[in-house]
$ cat my_file04.txt   # compact mmCIF, C-alpha atoms
# COMPACT_ATOMS: atom_id res chain seq x y z
CA MET A 1 62.89 107.28 -23.17
CA ALA A 2 59.26 106.63 -22.22
CA GLU A 3 60.28 105.07 -18.91
CA ASN A 4 61.52 108.45 -17.70
CA LEU A 5 58.54 110.24 -19.23
CA CYS A 6 56.16 108.17 -17.09
CA TYR A 7 57.60 109.93 -14.04
CA THR A 8 58.13 113.38 -15.58
CA ALA A 9 54.62 113.51 -17.06
CA MET A 10 53.12 112.50 -13.72
CA GLN A 11 54.99 115.29 -11.94
CA LYS A 12 53.72 117.83 -14.46
CA PHE A 13 50.18 116.44 -14.14
CA LYS A 14 50.35 116.76 -10.33
CA ASP A 15 51.65 120.33 -10.62
CA LYS A 16 48.67 121.26 -12.78
CA TYR A 17 45.82 119.17 -11.29
CA GLY A 18 47.05 118.04 -7.89
CA GLU A 19 46.88 114.56 -6.50
CA ILE A 20 43.76 112.67 -7.54
CA PRO A 21 43.04 109.25 -5.97
CA ASN A 22 43.61 106.40 -8.43
CA VAL A 23 44.81 108.85 -11.09
CA SER A 24 47.85 110.71 -9.79
CA ASP A 25 48.51 109.20 -6.37
CA ARG A 26 51.63 107.37 -7.54
CA GLU A 27 54.98 108.50 -8.91
CA PHE A 28 54.29 107.24 -12.46
CA PHE A 29 51.72 106.89 -15.21
CA THR A 30 51.19 103.39 -16.55
CA ASN A 31 53.20 103.13 -19.74
CA SER A 32 51.89 102.10 -23.15
CA ILE A 33 49.12 99.49 -23.36
CA HIS A 34 49.79 97.85 -20.01
CA LEU A 35 47.34 97.02 -17.32
CA PRO A 36 48.41 98.73 -14.11
CA VAL A 37 51.25 96.73 -12.55
CA TRP A 38 49.37 96.35 -9.25
CA LYS A 39 46.32 94.76 -10.92
CA GLN A 40 45.80 91.21 -9.63
CA VAL A 41 45.26 89.16 -12.80
CA THR A 42 46.54 85.88 -14.16
CA ALA A 43 49.03 85.67 -17.00
CA PHE A 44 46.21 84.65 -19.33
CA GLU A 45 43.93 87.51 -18.23
CA LYS A 46 46.73 90.03 -18.77
CA ILE A 47 47.41 88.65 -22.25
CA ASN A 48 43.67 88.73 -23.07
CA VAL A 49 43.32 92.41 -22.16
CA GLU A 50 46.58 93.69 -23.63
CA SER A 51 46.16 91.72 -26.88
CA GLN A 52 43.08 93.85 -27.63
CA LEU A 53 45.21 97.01 -27.48
CA THR A 54 48.41 96.16 -29.37
CA GLY A 55 46.94 97.10 -32.76
CA TYR A 56 46.38 100.67 -31.57
CA SER A 57 50.00 101.30 -30.66
CA ASN A 58 52.30 102.84 -33.24
CA ALA A 59 55.24 102.49 -30.88
CA GLY A 60 56.47 99.84 -28.47
CA CYS A 61 53.81 97.49 -27.23
CA ILE A 62 55.52 94.80 -25.20
CA THR A 63 53.22 92.53 -23.27
CA TYR A 64 54.93 90.77 -20.43
CA VAL A 65 53.88 88.57 -17.56
CA GLU A 66 55.59 88.40 -14.19
CA LEU A 67 56.02 84.85 -12.93
CA PRO A 68 56.78 84.17 -9.27
CA SER A 69 59.82 82.04 -10.01
CA THR A 70 61.80 80.47 -12.78
CA VAL A 71 60.14 78.03 -15.13
CA LYS A 72 63.30 76.02 -15.72
CA ASN A 73 61.66 73.02 -14.05
CA ASN A 74 58.43 73.40 -15.97
CA LEU A 75 59.08 74.20 -19.60
CA ASP A 76 55.54 73.05 -20.46
CA ALA A 77 54.18 76.01 -18.49
CA LEU A 78 56.48 78.41 -20.34
CA GLU A 79 55.51 76.93 -23.70
CA THR A 80 51.81 77.15 -22.85
CA ILE A 81 52.06 80.82 -21.87
CA VAL A 82 54.15 81.76 -24.92
CA ASN A 83 51.84 79.87 -27.29
CA TYR A 84 48.81 81.54 -25.69
CA ALA A 85 50.34 84.98 -26.32
CA MET A 86 51.18 84.02 -29.91
CA ASP A 87 47.64 82.75 -30.48
CA LYS A 88 46.37 86.15 -29.28
CA ASP A 89 48.58 87.91 -31.87
CA ILE A 90 50.89 89.58 -29.35
CA PRO A 91 53.68 91.08 -31.50
CA TYR A 92 56.21 91.55 -28.67
CA PHE A 93 56.00 89.23 -25.67
CA ALA A 94 58.20 88.55 -22.67
CA VAL A 95 58.09 86.42 -19.57
CA ASN A 96 59.73 88.02 -16.54
CA VAL A 97 61.29 85.74 -13.96
CA PRO A 98 63.85 86.48 -11.26
CA ASN A 99 67.44 85.77 -12.30
CA ASP A 100 70.09 86.33 -9.63
CA THR A 101 73.87 85.90 -9.70
CA CYS A 102 76.22 85.84 -6.72
CA LEU A 103 79.10 88.15 -7.55
CA ASP A 104 81.36 86.34 -5.05
CA CYS A 105 81.02 82.65 -5.94
CA GLY A 106 79.23 82.89 -9.31
CA TYR A 107 76.17 80.84 -8.33
CA THR A 108 73.21 81.66 -10.59
CA ASP A 109 69.55 80.94 -9.89
CA GLU A 110 66.67 82.68 -8.18
CA PHE A 111 67.50 83.69 -4.62
CA ASN A 112 66.79 87.42 -4.31
CA ASP A 113 68.55 88.69 -1.15
CA HIS A 114 71.51 86.39 -0.40
CA CYS A 115 73.36 83.53 -2.05
CA PRO A 116 72.24 80.09 -0.83
CA MET A 117 75.68 78.67 -1.65
CA CYS A 118 78.05 81.07 0.14
CA GLY A 119 75.68 83.43 2.01
CA SER A 120 76.96 86.55 0.24
CA LYS A 121 74.67 89.54 -0.17
CA HIS A 122 76.86 90.78 -3.04
CA ILE A 123 74.44 89.74 -5.77
CA GLN A 124 73.16 91.05 -9.07
CA GLN A 125 69.44 90.86 -9.71
CA LEU A 126 68.61 90.83 -13.40
CA ARG A 127 65.10 92.18 -13.92
CA ARG A 128 63.14 93.48 -16.91
CA VAL A 129 61.85 97.02 -16.56
CA THR A 130 59.37 97.43 -19.39
CA GLY A 131 61.45 96.23 -22.37
CA TYR A 132 64.86 96.69 -20.77
CA LEU A 133 66.90 94.19 -18.80
CA THR A 134 68.77 95.79 -15.95
CA GLY A 135 71.01 94.59 -13.16
CA ASP A 136 69.97 97.41 -10.84
CA TYR A 137 66.70 99.17 -11.58
CA SER A 138 67.15 101.30 -8.44
CA THR A 139 70.00 103.22 -10.07
CA ALA A 140 69.18 102.78 -13.77
CA PHE A 141 65.73 104.39 -13.58
CA ASN A 142 64.07 107.36 -11.87
CA LYS A 143 61.93 107.02 -8.76
CA GLY A 144 58.71 106.70 -10.75
CA LYS A 145 59.92 103.62 -12.59
CA GLN A 146 61.47 102.28 -9.38
CA GLN A 147 58.08 102.54 -7.65
CA GLU A 148 56.42 100.84 -10.60
CA VAL A 149 58.79 97.86 -10.34
CA GLN A 150 58.23 97.62 -6.57
CA MET A 151 54.44 97.61 -7.05
CA ARG A 152 54.44 94.77 -9.58
CA VAL A 153 52.39 91.72 -8.74
CA LYS A 154 53.02 88.22 -9.99
CA HIS A 155 50.59 86.87 -12.57
CA GLU A 156 49.47 83.59 -11.10
CA THR A 157 47.10 82.00 -8.57
CA THR A 158 44.22 80.71 -10.62
CA GLU A 159 43.40 77.17 -11.55
CA ASP A 160 44.42 77.82 -15.17
CA LEU A 161 47.98 78.78 -14.28
CA GLU A 162 48.32 76.40 -11.34
CA SER A 163 47.39 73.48 -13.56
CA ILE A 164 50.49 74.07 -15.73
CA TYR A 165 52.84 75.83 -13.32
CA VAL A 166 54.96 73.83 -10.91
CA ASP A 167 57.74 75.36 -8.78
$ encode --input "my_file04.txt" --output "structure tokens"
Amino acid sequence: MAENLCYTAMQKFKDKYGEIPNVSDREFFTNSIHLPVWKQVTAFEKINVESQLTGYSNAGCITYVELPSTVKNNLDALETIVNYAMDKDIPYFAVNVPNDTCLDCGYTDEFNDHCPMCGSKHIQQLRRVTGYLTGDYSTAFNKGKQQEVQMRVKHETTEDLESIYVD
């Protein structure tokens, strides 16, 4: 699985070449055609860059954007982003949003650390890690992929996205 290789290959690279700033100073290599996960870009900028690279991949080439919260109250924003990706010929596209479930009372929404209904911290956080949905990326993946998920930024904060995105 390439997600594990991103960590293993980095460790081998560091063994051979050492730690090089902005090359091997993390626990993972960026996988596939993705912009680095820490790169501050909008959803549209990320789609623009990655759409130029999908034709070169003979393997998986998911393009995904990380949104700061659910779009259930703004389906127009979701439709605009998905249509934009389709217009750019993205063959495999996903929108990542937080999706949390309280394992005590069953409440489902976005709430991250504790349930707003019953206060429980016994929750499941469904997140996409590359192309895989997981309820606990901290145990399902190695420390390289865990660091990658922790370093992810949300793709927002420009007039283009703000004009269609409403919390």
$ closest_residue --input "my_file04.txt" --among "A:Thr80, A:Gln147, A:Asn96, A:Gln40" --to "Ile62 of chain A" --atoms "only C-alpha atoms"
A:Asn96
$ closest_residue --input "my_file04.txt" --among "A:Val37, A:Cys61, A:Leu5, A:Phe44" --to "Gln150 of chain A" --atoms "all atoms listed in the file"
A:Val37
$ residues_around --input "my_file04.txt" --residues "segment 8-19 of chain A" --least-positions-apart "6" --cutoff "8 Å" --atoms "all atoms listed in the file" --output "mmCIF file with C-alpha atoms, keeping the file's coordinate frame"
data_model
loop_
_atom_site.group_PDB
_atom_site.id
_atom_site.type_symbol
_atom_site.label_atom_id
_atom_site.label_comp_id
_atom_site.auth_asym_id
_atom_site.auth_seq_id
_atom_site.Cartn_x
_atom_site.Cartn_y
_atom_site.Cartn_z
ATOM 1 C CA ASP A 25 48.510 109.200 -6.370
ATOM 2 C CA GLU A 27 54.980 108.500 -8.910
ATOM 3 C CA PHE A 28 54.290 107.240 -12.460
ATOM 4 C CA PHE A 29 51.720 106.890 -15.210
#
$ closest_residue --input "my_file04.txt" --among "A:Asn73, A:Ser24, A:Asn31, A:Ser57" --to "Lys145 of chain A" --atoms "all atoms listed in the file"
A:Asn31
$ closest_residue --input "my_file04.txt" --among "A:Ile81, A:Gln125, A:Pro91, A:Ser120" --to "Cys105 of chain A" --atoms "all atoms listed in the file"
A:Ser120
$ closest_residue --input "my_file04.txt" --among "A:Ile20, A:Tyr64, A:Val49, A:Arg26" --to "Gly144 of chain A" --atoms "only C-alpha atoms"
A:Arg26
$ atom_distance --input "my_file04.txt" --atom1 "atom CA of Leu78 of chain A" --atom2 "atom CA of Ser51 of chain A"
18.1 Å
$ residues_around --input "my_file04.txt" --residues "segment 83-86 of chain A" --least-positions-apart "6" --cutoff "10 Å" --atoms "only C-alpha atoms" --output "PyMOL selection string"
chain A and resi 43-44+46-48+50-51+63-64+77+92-94
$ residues_near_point --input "my_file04.txt" --point "(76.8, 83.2, -7.2)" --cutoff "9 Å" --atoms "all atoms listed in the file" --output "compact mmCIF listing (two decimals) with C-alpha atoms, in the coordinates of the input"
# COMPACT_ATOMS: atom_id res chain seq x y z
CA ASP A 100 70.09 86.33 -9.63
CA THR A 101 73.87 85.90 -9.70
CA CYS A 102 76.22 85.84 -6.72
CA LEU A 103 79.10 88.15 -7.55
CA ASP A 104 81.36 86.34 -5.05
CA CYS A 105 81.02 82.65 -5.94
CA GLY A 106 79.23 82.89 -9.31
CA TYR A 107 76.17 80.84 -8.33
CA THR A 108 73.21 81.66 -10.59
CA ASP A 109 69.55 80.94 -9.89
CA CYS A 115 73.36 83.53 -2.05
CA PRO A 116 72.24 80.09 -0.83
CA MET A 117 75.68 78.67 -1.65
CA CYS A 118 78.05 81.07 0.14
CA SER A 120 76.96 86.55 0.24
CA HIS A 122 76.86 90.78 -3.04
CA ILE A 123 74.44 89.74 -5.77
CA GLN A 124 73.16 91.05 -9.07
$ atom_distance --input "my_file04.txt" --atom1 "atom CA of Glu156 of chain A" --atom2 "atom CA of Gln52 of chain A"
20.5 Å
$ closest_residue --input "my_file04.txt" --among "A:Leu67, A:Leu35, A:Val23, A:Leu133" --to "Val97 of chain A" --atoms "only C-alpha atoms"
A:Leu67
